Each structure stands twice: as C-alpha cells, then as structure tokens.
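Next comes model36.txt, a file with compact mmCIF, C-alpha atoms and all ligand atoms.
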# COMPACT_ATOMS: atom_id res chain seq x y z
CA MET A 1 0.00 0.00 0.00
CA THR A 2 1.52 3.30 -1.08
CA THR A 3 0.08 6.64 -0.15
CA ALA A 4 -0.11 9.25 -2.88
CA LEU A 5 2.50 11.97 -2.82
CA GLU A 6 1.57 15.49 -1.76
CA PHE A 7 1.78 17.93 -4.67
CA THR A 8 2.95 21.51 -4.48
CA GLN A 9 1.78 24.03 -7.03
CA GLN A 10 3.44 27.03 -8.65
CA LEU A 11 1.33 28.74 -11.28
CA SER A 12 2.83 30.35 -14.37
CA GLU A 13 3.32 34.11 -14.16
CA HIS A 14 3.30 34.33 -17.94
CA PRO A 15 0.55 32.11 -19.26
CA LYS A 16 -0.37 32.54 -22.91
CA SER A 17 -3.07 35.15 -23.42
CA ALA A 18 -6.66 34.11 -24.08
CA GLU A 19 -6.27 35.39 -27.67
CA GLU A 20 -3.11 33.38 -28.28
CA ARG A 21 -4.71 30.30 -26.81
CA ALA A 22 -7.84 30.71 -28.90
CA ALA A 23 -5.75 30.99 -32.07
CA ILE A 24 -3.91 27.76 -31.20
CA LEU A 25 -7.10 25.91 -30.29
CA ALA A 26 -8.72 26.93 -33.56
CA ASN A 27 -6.04 25.03 -35.46
CA PRO A 28 -4.06 22.85 -33.06
CA GLY A 29 -2.31 20.41 -35.43
CA PHE A 30 -0.48 17.68 -33.55
CA GLY A 31 2.29 18.22 -31.01
CA ASN A 32 3.08 21.80 -31.95
CA HIS A 33 1.82 23.71 -28.93
CA PHE A 34 1.91 23.11 -25.20
CA THR A 35 -0.13 24.27 -22.25
CA ASP A 36 1.08 26.67 -19.56
CA HIS A 37 2.05 24.06 -16.97
CA THR A 38 3.82 20.76 -16.42
CA VAL A 39 4.03 18.18 -13.66
CA VAL A 40 7.35 16.89 -12.33
CA VAL A 41 8.11 14.16 -9.78
CA ASP A 42 11.71 13.27 -8.83
CA TYR A 43 13.17 9.89 -8.02
CA LYS A 44 16.43 9.30 -6.20
CA VAL A 45 18.32 6.30 -4.86
CA ASP A 46 19.97 7.17 -1.53
CA VAL A 47 23.38 6.01 -0.22
CA ASP A 48 21.81 2.91 1.25
CA GLY A 49 20.43 1.98 -2.15
CA ASN A 50 16.81 2.77 -1.34
CA GLY A 51 14.90 4.56 -4.05
CA GLY A 52 11.91 6.81 -3.60
CA TRP A 53 9.73 9.38 -5.36
CA SER A 54 9.51 12.90 -3.94
CA ASN A 55 8.91 16.56 -4.67
CA ALA A 56 5.77 16.11 -6.76
CA ARG A 57 4.97 19.50 -8.19
CA LEU A 58 3.00 21.43 -10.74
CA GLU A 59 5.09 24.21 -12.24
CA PRO A 60 5.16 26.55 -15.24
CA TYR A 61 5.96 24.87 -18.58
CA GLY A 62 9.52 25.55 -19.66
CA PRO A 63 12.93 24.12 -20.63
CA ILE A 64 14.53 21.43 -18.45
CA MET A 65 17.93 22.01 -16.83
CA LEU A 66 19.91 18.82 -17.40
CA ASP A 67 23.57 18.03 -16.92
CA PRO A 68 25.17 17.29 -20.33
CA SER A 69 26.19 13.89 -18.97
CA ALA A 70 22.63 12.96 -17.98
CA ALA A 71 22.13 9.28 -18.79
CA VAL A 72 19.05 9.84 -20.94
CA LEU A 73 21.10 11.89 -23.40
CA HIS A 74 23.59 9.07 -23.96
CA TYR A 75 21.89 5.74 -23.43
CA GLY A 76 18.28 6.56 -24.12
CA GLN A 77 16.94 5.44 -20.75
CA GLU A 78 13.49 6.88 -21.37
CA ILE A 79 9.86 5.76 -21.55
CA PHE A 80 6.61 7.54 -22.28
CA GLU A 81 2.85 7.27 -22.48
CA GLY A 82 0.20 8.96 -24.59
CA MET A 83 -3.44 9.58 -23.85
CA LYS A 84 -6.16 12.11 -24.64
CA ALA A 85 -8.46 14.28 -22.54
CA TYR A 86 -11.81 15.24 -24.02
CA LYS A 87 -14.13 18.06 -23.00
CA HIS A 88 -17.71 16.80 -22.82
CA ALA A 89 -20.79 18.86 -23.61
CA ASP A 90 -21.27 19.85 -19.94
CA GLY A 91 -17.72 21.24 -19.73
CA THR A 92 -16.24 18.38 -17.69
CA VAL A 93 -12.95 16.84 -18.87
CA TRP A 94 -12.44 13.09 -19.15
CA THR A 95 -9.75 10.68 -20.19
CA PHE A 96 -9.87 7.10 -21.44
CA ARG A 97 -8.70 4.16 -19.30
CA PRO A 98 -5.76 6.03 -17.71
CA GLU A 99 -5.11 3.20 -15.23
CA GLU A 100 -4.14 1.07 -18.24
CA ASN A 101 -1.53 3.65 -19.22
CA ALA A 102 -0.25 3.78 -15.63
CA LYS A 103 0.16 0.01 -15.62
CA ARG A 104 1.79 -0.05 -19.03
CA MET A 105 4.25 2.67 -18.06
CA ASN A 106 5.36 0.48 -15.19
CA LEU A 107 5.78 -2.45 -17.58
CA SER A 108 7.96 -0.23 -19.76
CA ALA A 109 9.81 0.96 -16.64
CA ARG A 110 10.77 -2.59 -15.71
CA ARG A 111 12.17 -3.26 -19.19
CA LEU A 112 14.19 -0.03 -19.25
CA ALA A 113 15.38 -0.49 -15.63
CA LEU A 114 13.55 2.66 -14.55
CA PRO A 115 11.63 2.91 -11.27
CA GLU A 116 7.92 2.15 -11.16
CA LEU A 117 5.64 5.05 -10.32
CA PRO A 118 2.63 4.43 -8.03
CA GLU A 119 -0.46 4.38 -10.23
CA GLU A 120 -2.20 6.88 -7.97
CA THR A 121 0.63 9.40 -8.48
CA PHE A 122 0.35 8.92 -12.24
CA LEU A 123 -3.39 9.64 -12.12
CA GLU A 124 -3.02 12.55 -9.72
CA SER A 125 -0.44 14.11 -12.08
CA LEU A 126 -3.00 14.11 -14.88
CA ARG A 127 -5.70 15.59 -12.64
CA ARG A 128 -3.35 18.33 -11.39
CA LEU A 129 -2.26 19.37 -14.85
CA VAL A 130 -5.71 19.34 -16.42
CA ALA A 131 -7.19 21.19 -13.44
CA VAL A 132 -5.04 24.27 -14.11
CA ASP A 133 -4.89 23.94 -17.92
CA LYS A 134 -8.53 23.04 -18.48
CA GLU A 135 -9.02 25.96 -20.88
CA TRP A 136 -6.53 24.26 -23.20
CA VAL A 137 -8.78 21.32 -23.99
CA PRO A 138 -9.99 21.98 -27.55
CA THR A 139 -13.62 21.34 -28.40
CA GLY A 140 -13.52 21.03 -32.18
CA GLU A 141 -14.70 17.80 -33.80
CA GLY A 142 -12.04 15.11 -33.24
CA ASP A 143 -9.93 17.45 -31.11
CA ALA A 144 -8.54 16.61 -27.67
CA LEU A 145 -5.83 17.57 -25.23
CA TYR A 146 -3.02 15.09 -25.79
CA LEU A 147 -1.34 14.12 -22.52
CA ARG A 148 2.26 12.98 -22.63
CA PRO A 149 3.62 11.46 -19.42
CA PHE A 150 7.29 10.46 -19.66
CA MET A 151 10.19 9.33 -17.52
CA ILE A 152 13.86 10.16 -18.08
CA ALA A 153 17.17 9.18 -16.46
CA THR A 154 18.57 12.49 -15.22
CA GLU A 155 21.61 11.27 -13.29
CA ALA A 156 24.88 12.90 -14.39
CA PHE A 157 27.01 9.80 -14.96
CA LEU A 158 28.50 8.21 -18.08
CA GLY A 159 28.93 4.71 -16.68
CA VAL A 160 26.50 2.18 -18.03
CA ARG A 161 24.04 1.17 -15.31
CA PRO A 162 20.50 2.14 -14.37
CA ALA A 163 20.43 5.79 -13.34
CA ARG A 164 19.95 6.61 -9.67
CA GLU A 165 18.21 9.88 -10.45
CA VAL A 166 15.15 9.95 -12.63
CA SER A 167 12.29 12.30 -13.24
CA PHE A 168 8.71 11.70 -14.25
CA ARG A 169 6.96 14.50 -16.10
CA VAL A 170 3.71 15.25 -17.83
CA ILE A 171 3.18 17.77 -20.59
CA ALA A 172 -0.01 18.47 -22.51
CA SER A 173 -0.64 19.54 -26.08
CA PRO A 174 -3.91 20.50 -27.77
CA ALA A 175 -4.33 18.12 -30.71
CA GLY A 176 -6.43 17.90 -33.84
CA ASN A 177 -6.72 15.03 -36.28
CA TYR A 178 -3.39 13.15 -36.20
CA PHE A 179 -3.05 12.77 -39.95
CA GLY A 180 -4.48 16.21 -40.62
CA GLY A 181 -7.71 17.13 -42.39
CA GLU A 182 -10.59 14.75 -43.07
CA LEU A 183 -10.35 11.12 -42.09
CA GLN A 184 -9.29 9.16 -45.12
CA PRO A 185 -7.55 5.84 -45.70
CA VAL A 186 -3.77 6.05 -45.37
CA SER A 187 -1.13 4.33 -47.46
CA ILE A 188 1.52 2.49 -45.50
CA TRP A 189 4.96 1.26 -46.49
CA LEU A 190 6.23 -2.22 -45.78
CA SER A 191 9.64 -2.04 -44.13
CA GLU A 192 11.74 -4.87 -45.56
CA ASN A 193 15.15 -3.47 -44.70
CA TYR A 194 14.52 -2.72 -41.06
CA ALA A 195 12.77 -4.45 -38.18
CA ARG A 196 11.20 -2.54 -35.33
CA ALA A 197 11.78 -5.09 -32.60
CA GLY A 198 13.40 -8.45 -32.07
CA ARG A 199 12.70 -11.24 -29.63
CA GLY A 200 13.74 -10.16 -26.14
CA GLY A 201 14.16 -6.57 -27.27
CA THR A 202 12.18 -3.52 -26.26
CA GLY A 203 9.27 -3.89 -28.69
CA GLU A 204 6.73 -4.22 -25.90
CA ALA A 205 8.02 -1.17 -24.03
CA LYS A 206 6.86 2.31 -24.97
CA CYS A 207 10.32 3.84 -25.21
CA GLY A 208 11.86 6.59 -27.30
CA GLY A 209 14.48 4.18 -28.67
CA ASN A 210 11.85 2.23 -30.58
CA TYR A 211 10.75 5.45 -32.24
CA ALA A 212 14.32 6.51 -33.05
CA ALA A 213 14.76 3.14 -34.78
CA SER A 214 11.59 3.70 -36.81
CA LEU A 215 12.71 7.02 -38.31
CA ALA A 216 14.93 5.64 -41.10
CA PRO A 217 12.16 3.33 -42.36
CA GLN A 218 9.72 6.24 -41.90
CA LEU A 219 11.86 8.28 -44.30
CA GLU A 220 11.67 5.42 -46.82
CA ALA A 221 7.91 5.43 -46.39
CA GLU A 222 7.63 9.15 -47.01
CA ALA A 223 9.78 8.85 -50.12
CA GLN A 224 7.14 6.37 -51.35
CA GLY A 225 4.28 8.72 -50.54
CA CYS A 226 3.25 6.76 -47.44
CA LYS A 227 2.33 8.09 -43.99
CA GLN A 228 3.39 5.14 -41.83
CA VAL A 229 5.54 2.03 -41.81
CA LEU A 230 4.48 -1.57 -41.25
CA PHE A 231 6.96 -3.87 -39.57
CA LEU A 232 7.17 -7.65 -39.93
CA ASP A 233 9.00 -10.34 -38.00
CA PRO A 234 11.35 -11.65 -40.70
CA PHE A 235 12.31 -14.59 -38.44
CA ASN A 236 8.72 -15.73 -38.10
CA ASP A 237 7.43 -16.22 -41.66
CA ASN A 238 7.07 -12.47 -42.10
CA ALA A 239 4.35 -12.29 -39.50
CA VAL A 240 2.72 -8.85 -39.38
CA GLU A 241 3.65 -7.00 -36.19
CA GLU A 242 2.48 -3.38 -36.13
CA LEU A 243 3.06 0.11 -37.47
CA GLY A 244 5.63 2.47 -35.98
CA GLY A 245 3.08 3.70 -33.45
CA MET A 246 -0.17 1.84 -34.07
CA ASN A 247 -1.54 -1.70 -33.86
CA ILE A 248 -3.22 -3.35 -36.86
CA PHE A 249 -6.49 -5.23 -37.45
CA PHE A 250 -7.94 -7.26 -40.35
CA VAL A 251 -11.68 -7.55 -40.94
CA PHE A 252 -12.78 -10.75 -42.68
CA ALA A 253 -15.97 -11.14 -44.74
CA ASP A 254 -17.15 -14.00 -42.49
CA GLY A 255 -17.15 -11.94 -39.28
CA ARG A 256 -13.64 -12.66 -38.05
CA LEU A 257 -11.49 -9.83 -36.75
CA VAL A 258 -7.81 -10.76 -36.65
CA THR A 259 -4.95 -8.92 -34.95
CA PRO A 260 -1.38 -10.05 -34.21
CA GLU A 261 -1.12 -11.63 -30.76
CA LEU A 262 0.91 -9.98 -27.99
CA ASN A 263 4.16 -11.86 -28.46
CA GLY A 264 6.51 -9.57 -26.59
CA ASN A 265 7.46 -7.65 -29.75
CA ILE A 266 4.41 -5.47 -30.13
CA LEU A 267 2.93 -2.73 -27.99
CA ARG A 268 -0.04 -3.53 -25.79
CA GLY A 269 -2.22 -0.79 -27.19
CA VAL A 270 -5.05 0.43 -24.99
CA THR A 271 -6.98 1.18 -28.18
CA ARG A 272 -6.19 -2.35 -29.38
CA SER A 273 -7.63 -3.98 -26.28
CA SER A 274 -10.69 -1.68 -26.37
CA VAL A 275 -11.36 -2.51 -30.03
CA ILE A 276 -11.14 -6.21 -29.17
CA GLN A 277 -13.73 -5.76 -26.41
CA LEU A 278 -16.12 -3.73 -28.57
CA ALA A 279 -15.79 -6.19 -31.46
CA LYS A 280 -16.47 -9.23 -29.24
CA ASP A 281 -19.55 -7.53 -27.82
CA ARG A 282 -20.96 -6.97 -31.30
CA GLY A 283 -20.53 -10.63 -32.07
CA LEU A 284 -17.36 -10.59 -34.14
CA ASP A 285 -15.05 -13.60 -33.83
CA VAL A 286 -11.90 -11.90 -32.55
CA GLN A 287 -8.68 -13.83 -33.08
CA GLU A 288 -5.38 -12.73 -31.62
CA ARG A 289 -2.95 -14.77 -33.63
CA LYS A 290 -0.12 -14.81 -36.10
CA ILE A 291 -1.05 -13.36 -39.49
CA THR A 292 1.57 -13.28 -42.22
CA ILE A 293 2.02 -10.92 -45.11
CA ASP A 294 1.19 -13.85 -47.44
CA GLU A 295 -2.15 -14.41 -45.70
CA TRP A 296 -2.89 -10.70 -46.06
CA ARG A 297 -2.14 -10.73 -49.79
CA ALA A 298 -4.08 -13.96 -50.40
CA GLY A 299 -6.99 -12.79 -48.23
CA VAL A 300 -7.40 -9.58 -50.19
CA GLU A 301 -7.13 -11.44 -53.52
CA SER A 302 -9.78 -13.99 -52.55
CA GLY A 303 -12.08 -11.36 -51.08
CA GLU A 304 -11.87 -12.90 -47.58
CA ILE A 305 -10.25 -9.78 -46.10
CA THR A 306 -12.53 -6.82 -46.57
CA GLU A 307 -11.00 -4.09 -44.38
CA VAL A 308 -7.68 -3.31 -42.73
CA PHE A 309 -7.24 -0.62 -40.09
CA ALA A 310 -4.64 0.75 -37.70
CA CYS A 311 -5.41 1.94 -34.19
CA GLY A 312 -3.82 3.96 -31.42
CA THR A 313 -4.59 6.88 -29.13
CA ALA A 314 -3.34 9.60 -31.46
CA ALA A 315 -5.28 8.58 -34.57
CA VAL A 316 -7.97 6.39 -32.88
CA ILE A 317 -8.91 4.13 -35.83
CA THR A 318 -7.52 4.86 -39.26
CA PRO A 319 -8.43 2.80 -42.31
CA ILE A 320 -5.49 1.49 -44.33
CA GLY A 321 -6.11 1.99 -48.01
CA GLU A 322 -2.99 0.42 -49.41
CA LEU A 323 0.16 -1.40 -48.35
CA LYS A 324 3.03 -0.49 -50.66
CA THR A 325 6.00 -2.83 -50.89
CA GLN A 326 9.17 -3.15 -52.95
CA HIS A 327 7.34 -5.78 -55.01
CA GLY A 328 4.00 -4.14 -55.69
CA SER A 329 1.12 -3.20 -53.47
CA ILE A 330 -1.83 -4.72 -51.64
CA ALA A 331 -4.82 -2.42 -51.93
CA SER A 332 -7.74 -2.77 -49.54
CA PRO A 333 -11.08 -3.47 -51.21
CA GLY A 334 -13.41 -0.49 -51.62
CA SER A 335 -10.43 1.85 -51.19
CA GLY A 336 -10.28 1.31 -47.47
CA ALA A 337 -12.81 3.12 -45.29
CA GLY A 338 -14.79 -0.01 -44.46
CA GLU A 339 -18.07 -0.27 -42.62
CA VAL A 340 -16.83 -2.31 -39.65
CA SER A 341 -13.80 -0.07 -39.08
CA MET A 342 -15.86 3.08 -39.23
CA SER A 343 -18.60 1.71 -37.02
CA ILE A 344 -16.18 0.66 -34.26
CA ARG A 345 -14.43 4.00 -34.63
CA LYS A 346 -17.70 5.84 -34.17
CA GLN A 347 -18.59 3.89 -31.03
CA LEU A 348 -15.14 4.30 -29.49
CA LEU A 349 -14.93 8.01 -30.26
CA GLY A 350 -18.50 8.43 -28.99
CA ILE A 351 -17.56 6.91 -25.63
CA GLN A 352 -14.47 9.11 -25.44
CA THR A 353 -16.24 12.32 -26.34
CA GLY A 354 -19.28 11.58 -24.16
CA THR A 355 -21.92 11.17 -26.87
CA VAL A 356 -22.22 7.39 -26.43
CA GLU A 357 -22.97 5.90 -23.01
CA ASP A 358 -19.84 4.55 -21.28
CA THR A 359 -21.23 1.16 -20.31
CA TYR A 360 -17.71 -0.19 -19.77
CA GLY A 361 -16.69 2.37 -17.13
CA TRP A 362 -13.72 3.30 -19.29
CA MET A 363 -13.82 7.07 -18.72
CA THR A 364 -12.17 8.83 -15.78
CA ARG A 365 -13.03 12.41 -14.96
CA LEU A 366 -9.99 14.68 -14.69
CA ALA A 367 -11.62 18.06 -14.17
C1 LIG A 401 1.56 3.82 -28.22
C2 LIG A 401 1.73 2.80 -29.26
C3 LIG A 401 0.63 2.09 -29.81
C4 LIG A 401 -0.81 2.41 -29.49
O1 LIG A 401 -1.12 2.27 -28.14
P1 LIG A 401 -2.43 3.00 -27.55
O2 LIG A 401 -2.39 2.64 -26.12
O3 LIG A 401 -3.58 2.42 -28.26
O4 LIG A 401 -2.25 4.44 -27.83
C5 LIG A 401 0.89 1.09 -30.72
N1 LIG A 401 2.15 0.80 -31.10
C6 LIG A 401 3.21 1.46 -30.61
C7 LIG A 401 4.57 1.08 -31.07
C8 LIG A 401 3.04 2.47 -29.68
O5 LIG A 401 4.11 3.11 -29.21
Could you render the structure as structure tokens?
Ligand SMILES: *Cc1c(COP(=O)(O)O)cnc(C)c1O
Amino acid sequence: MTTALEFTQQLSEHPKSAEERAAILANPGFGNHFTDHTVVVDYKVDVDGNGGWSNARLEPYGPIMLDPSAAVLHYGQEIFEGMKAYKHADGTVWTFRPEENAKRMNLSARRLALPELPEETFLESLRRLVAVDKEWVPTGEGDALYLRPFMIATEAFLGVRPAREVSFRVIASPAGNYFGGELQPVSIWLSENYARAGRGGTGEAKCGGNYAASLAPQLEAEAQGCKQVLFLDPFNDNAVEELGGMNIFFVFADGRLVTPELNGNILRGVTRSSVIQLAKDRGLDVQERKITIDEWRAGVESGEITEVFACGTAAVITPIGELKTQHGSIASPGSGAGEVSMSIRKQLLGIQTGTVEDTYGWMTRLA
C-alpha cells in the first residue's frame, strides 16, 4: 500500500493570453503547442540503495535544466505514455482508461530499468495538470488535449548502469486530427530493410528508442508517398507486427477480426484492447494470432479480407487503403474506409467524447 505523494503548485506568471490560446485551439495540429504548466516528480536512490519518489509539483511549462552527462542523453533510458483528454458537452474533462496507461508505463519501466511510479501518483499528475490547464482542452470535432507522461534518467554519470536519479513529467498539447484534415484511408509502407523489434528486445516497451529506430524506415515510407511504416518479424514467416506507433487489425468477410497476438514484440495498445472488447460484444469472432504478409495478400485477392485498419490513441482508428512494398502493393477493397472499421471507430470516439454511453466504465473524470 503506497500513499499518494503530496503535490505543491506554482502557477505560471506568464501564461499565454486568451487570444493566443484561442488561435492555437482553432487550429491545433499535432504536437506543436503546449499548455502553460507541467508536472514533475523526482526519483532518487539514496546512499543505502533505497529509491523513492519525492517533490511532486506542478510548475510553469519551460525548458529542463539537465547536466550534459545525464544518462538519458547518452543511453536513451526513457519511456513515455500517450493519452487524450476530451471536454464533454457539460464542460467536464475526461480521459480514457488512464489506469491502463499507468500500468503499461510500469511495464515499460521494468524493461528499461527505470523505477515504477505508483499508479495513484500517475493519475493525480494528470488531474493536477488538467485542473489548471482546463481551458486548453480543444472542443472542435475530433480534437482533444493530448497528454504525454514520460520518464527520463537524469543522473549525471557516463557509466553504463540504471540511473539513480530519474524524473517523471507530464506535458499536454492540444491536438487535432493526427493525420491532418478529413479522415481518409492512409497508405503504408512495408519495411523490408529494417525491423522494429526483435525477440527479447524492447518492442513491448513504450520507449523513445523504438521510435528513433523507426525514423529511417519512416523516411523510406515518405519517399514512397506513405504516412506510416508496417513492420514484420522476418524470423517468423514475415508475421505482421504493427506500425511504428499503431496496432493493426484485419476484418474478414465471415465476421472474423484478426490482430497479431501480444508476443513480446508489439505494444499492448489500450486502443487495441478496447477494439477487441467492442468487437467481441458486437458478435465478431476476434482472433489474436499470427497473421503473415502472405495471408494478407491472399486474403485480399480472394475477397476474404474486406478491411484493414490501424489503431492507437493519437489517430484512434484509421483505415489502411494500401500497403506499398518493394514488389507491388496490396490495396484494400473499396479503397479502405470499411463499414466495420468506421462503425467501431464511431462507437469508441462516442464513448471518449461523451456522446455514447460509457457502459464499460472506461472514462475517468480529470476536471
Ligand atoms: C503507443 C503505441 C501504440 C498504441 O497504443 P495505444 O495505447 O492504443 O495508444 C501502438 N504501437 C506502438 C509502437 C506504440 O508506441
């Protein structure tokens, strides 16, 4: 049993003006602008080797003072989370299954040899930040306040071992549609030169290193006119794993919904597990299993696979219109925006934005 830390609070003396904020909220984009405050919690291991969290605080948003030898800058000891806060019609602010993110961050922490943060402190951090920056939650269609909790190794030390000083932080950024503009099917590029994760690696952890490794293939994708990269496991019959930052689903004509199983290489998406639940409850036969690129190609050719979509917090559910590869492409039937994908998307987004009843108890009020 851990008791939640006491938070102190220092409000910004120079918050953005209401006009500036309104201009940002009218056209937020993704990840370009940040709210007036941030949450910080410090972790330290003492001389006896006992670690503990302390000094939980809300403070003005601003640059971090870090020693140039801080471990995170050299060895990438870093993890993060991503979630969204939505303003409902009555002005209250809610987020989606945050306890799942708290648990997953601790999973990532174990893999990256970072300290686990009490779930209650994680949740309180979100509440604290949103309480003071509530006016930053955009209300446009599909808009939300993106919350980015993260943990970094701050200890000034170049030796290679888990850092004894760490900080947990939360920043928030008003966000519009992740891919910009109207929802339309995206083209994705099949990465054949690079893998995202290997057995025993960090594929299941939400860490910056995985994203750094996805940038070179992402450049390839962009050169091919694609928005995202799909990764395979080349040592497992080219089994489909996931995109750089989203899980993947296949809708079959006979009512099956197939997604790669959690095999230690892929991220345990909160959206993924929610889609699985919603699909089961509407009678779809959900299968978490291996699906290879050959099955994908054959399934589209035979008409068995009718829709393919990607899912994650940032983009919710995005239809995949086409998979481009070095040896031709696999186009989804009907150009991509399938009925099942869009219907699940509507239900999920409805729960998140408060227009569909939350019968699952997935929403947590933040402010
Ligand atoms: C964050 C992330 C996802 C999606 O997870 P959600 O919890 O649904 O946002 C999928 N894949 C990777 C690699 C990720 O980092």
How would you write, as number ranges by chain, the set of residues no farther than 8 Å from ligand LIG 401 (chain A) when counting all atoms listed in the file? A: 81-83, 101, 203-207, 210-211, 242-247, 266-273, 311-314, 316
Taking only C-alpha atoms into account, which of A:Pro149, A:Gly29, A:Gly255, A:Gly208 comes nearest A:Tyr75?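 Among the listed residues, the smallest separation from A:Tyr75 belongs to A:Gly208.
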Within 10 Å of (8.7, 14.7, -6.9) (coordinates as in the file), grab all the protein and nucleic acid residues, counting only C-alpha atoms, and write them out as a PyMOL selection string. chain A and resi 5-8+39-44+52-58+121+166-169
Of the residues A:Pro260, A:Leu158, A:Arg196, A:Ser214, which is the one nearest to A:Pro234, using all atoms listed in the file?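 Counting all atoms listed in the file, the residue closest to A:Pro234 is A:Arg196.
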Around all of stretch 6-21 of chain A's listed atoms, make the axis-aligned box with 5 Å on each side and tell me centre and edge lengths in Å to one decimal, as lines of an AutoDock Vina configuration file.
center_x = -1.6
center_y = 25.4
center_z = -15.0
size_x = 20.1
size_y = 29.9
size_z = 36.5
Nearest to A:Glu295: which of A:Asp237, A:Glu222, A:Glu339, A:Glu261 is it, counting all atoms listed in the file?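 When distances to A:Glu295 are compared using all atoms listed in the file, the smallest one comes from A:Asp237.
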Best match for closeness to A:Pro115 among A:Arg199, A:Lys84, A:Lys16, A:Arg164, counting all atoms listed in the file: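 Among A:Arg199, A:Lys84, A:Lys16, A:Arg164, it is A:Arg164 that comes nearest to A:Pro115.
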Atom CA of A:Val240 to atom CA of A:Ile330, distance in Å rounded to a single decimal: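 Between these atoms lies a distance of 13.7 Å.
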Separating atom CA of A:Met342 from atom CA of A:Leu219, to the nearest tenth of an Å, is a gap of 28.7 Å
Can you list, as a VMD selection string, every protein, DNA or RNA residue that comes within 9 Å of A:Leu190 when you count only C-alpha atoms, leaving out same-chain residues fewer than 2 positions away? chain A and resid 188 192 217 221 228 to 232 323 to 326
Mind pulling up the distance from atom CA of A:Ala26 to atom CA of A:Lys227?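 Distance between the two atoms: 24.2 Å.
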Which residues are close to A:Gly62, i.e. within 9 Å by all atoms listed in the file, leaving aside same-chain residues fewer than 2 positions away? Reply as a short mmCIF file (atom, residue, chain, number, x, y, z; two decimals) with C-alpha atoms, in the frame of the given file.
data_model
loop_
_atom_site.label_atom_id
_atom_site.label_comp_id
_atom_site.auth_asym_id
_atom_site.auth_seq_id
_atom_site.Cartn_x
_atom_site.Cartn_y
_atom_site.Cartn_z
CA ASP A 36 1.08 26.67 -19.56
CA HIS A 37 2.05 24.06 -16.97
CA THR A 38 3.82 20.76 -16.42
CA GLU A 59 5.09 24.21 -12.24
CA PRO A 60 5.16 26.55 -15.24
CA ILE A 64 14.53 21.43 -18.45
#
Protein and nucleic acid residues near (23.5, 8.8, -13.5) (cut-off 9 Å, only C-alpha atoms) as a VMD selection string: chain A and resid 69 to 72 153 to 166
Of the candidates A:Trp362, A:Pro333, A:Tyr61, A:Asp285, which shows the shortest atom-to-atom distance to A:Leu349, using only C-alpha atoms? A:Trp362
Identify which of the residues A:Phe249, A:Phe309, A:Phe122, A:Tyr86 lies closest to A:Glu288, counting only C-alpha atoms when measuring atom-to-atom distances.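 Residue with the minimum atom-to-atom distance to A:Glu288: A:Phe249.
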A:Leu348 surroundings by only C-alpha atoms, 9 Å radius, close-in-sequence under 6 positions cut, as a list in words: Thr271, Ser274, Val275, Leu278, Val316, Ile317 and Val356 of chain A
Where atoms are missing, can you supply all heavy atoms for stretch 241-247 of chain A and output the lot as a JSON list (two decimals), keeping the file's coordinate frame?
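Output contents, as saved in out-v9.json:
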[["chain", "number", "residue", "atom", "x", "y", "z"],
["A", 241, "GLU", "N", 3.56, -7.43, -37.59],
["A", 241, "GLU", "CA", 3.65, -7.00, -36.19],
["A", 241, "GLU", "C", 2.78, -5.76, -35.96],
["A", 241, "GLU", "O", 1.68, -5.86, -35.49],
["A", 241, "GLU", "CB", 5.11, -6.77, -35.80],
["A", 241, "GLU", "CG", 5.87, -8.10, -35.87],
["A", 241, "GLU", "CD", 6.98, -8.21, -34.88],
["A", 241, "GLU", "OE1", 7.80, -7.28, -34.80],
["A", 241, "GLU", "OE2", 7.05, -9.25, -34.20],
["A", 242, "GLU", "N", 3.28, -4.60, -36.30],
["A", 242, "GLU", "CA", 2.48, -3.38, -36.13],
["A", 242, "GLU", "C", 3.12, -2.25, -36.91],
["A", 242, "GLU", "O", 4.16, -2.41, -37.52],
["A", 242, "GLU", "CB", 2.35, -3.02, -34.65],
["A", 242, "GLU", "CG", 3.68, -2.74, -33.97],
["A", 242, "GLU", "CD", 3.50, -2.18, -32.57],
["A", 242, "GLU", "OE1", 2.61, -1.34, -32.38],
["A", 242, "GLU", "OE2", 4.27, -2.57, -31.67],
["A", 243, "LEU", "N", 2.48, -1.08, -36.85],
["A", 243, "LEU", "CA", 3.06, 0.11, -37.47],
["A", 243, "LEU", "C", 4.03, 0.74, -36.47],
["A", 243, "LEU", "O", 4.13, 0.29, -35.33],
["A", 243, "LEU", "CB", 1.98, 1.10, -37.86],
["A", 243, "LEU", "CG", 0.77, 0.59, -38.64],
["A", 243, "LEU", "CD1", -0.01, 1.77, -39.21],
["A", 243, "LEU", "CD2", 1.17, -0.32, -39.76],
["A", 244, "GLY", "N", 4.69, 1.80, -36.87],
["A", 244, "GLY", "CA", 5.63, 2.47, -35.98],
["A", 244, "GLY", "C", 5.00, 2.89, -34.66],
["A", 244, "GLY", "O", 5.66, 2.87, -33.62],
["A", 245, "GLY", "N", 3.73, 3.26, -34.68],
["A", 245, "GLY", "CA", 3.08, 3.70, -33.45],
["A", 245, "GLY", "C", 1.62, 3.31, -33.35],
["A", 245, "GLY", "O", 0.87, 3.93, -32.62],
["A", 246, "MET", "N", 1.23, 2.27, -34.10],
["A", 246, "MET", "CA", -0.17, 1.84, -34.07],
["A", 246, "MET", "C", -0.26, 0.34, -34.26],
["A", 246, "MET", "O", 0.55, -0.26, -34.99],
["A", 246, "MET", "CB", -0.97, 2.54, -35.19],
["A", 246, "MET", "CG", -1.30, 3.99, -34.89],
["A", 246, "MET", "SD", -2.46, 4.66, -36.10],
["A", 246, "MET", "CE", -1.31, 5.11, -37.36],
["A", 247, "ASN", "N", -1.27, -0.28, -33.65],
["A", 247, "ASN", "CA", -1.54, -1.70, -33.86],
["A", 247, "ASN", "C", -2.41, -1.86, -35.11],
["A", 247, "ASN", "O", -2.97, -0.89, -35.62],
["A", 247, "ASN", "CB", -2.25, -2.28, -32.62],
["A", 247, "ASN", "CG", -1.37, -2.23, -31.38],
["A", 247, "ASN", "OD1", -1.67, -1.52, -30.41],
["A", 247, "ASN", "ND2", -0.27, -2.96, -31.38]]
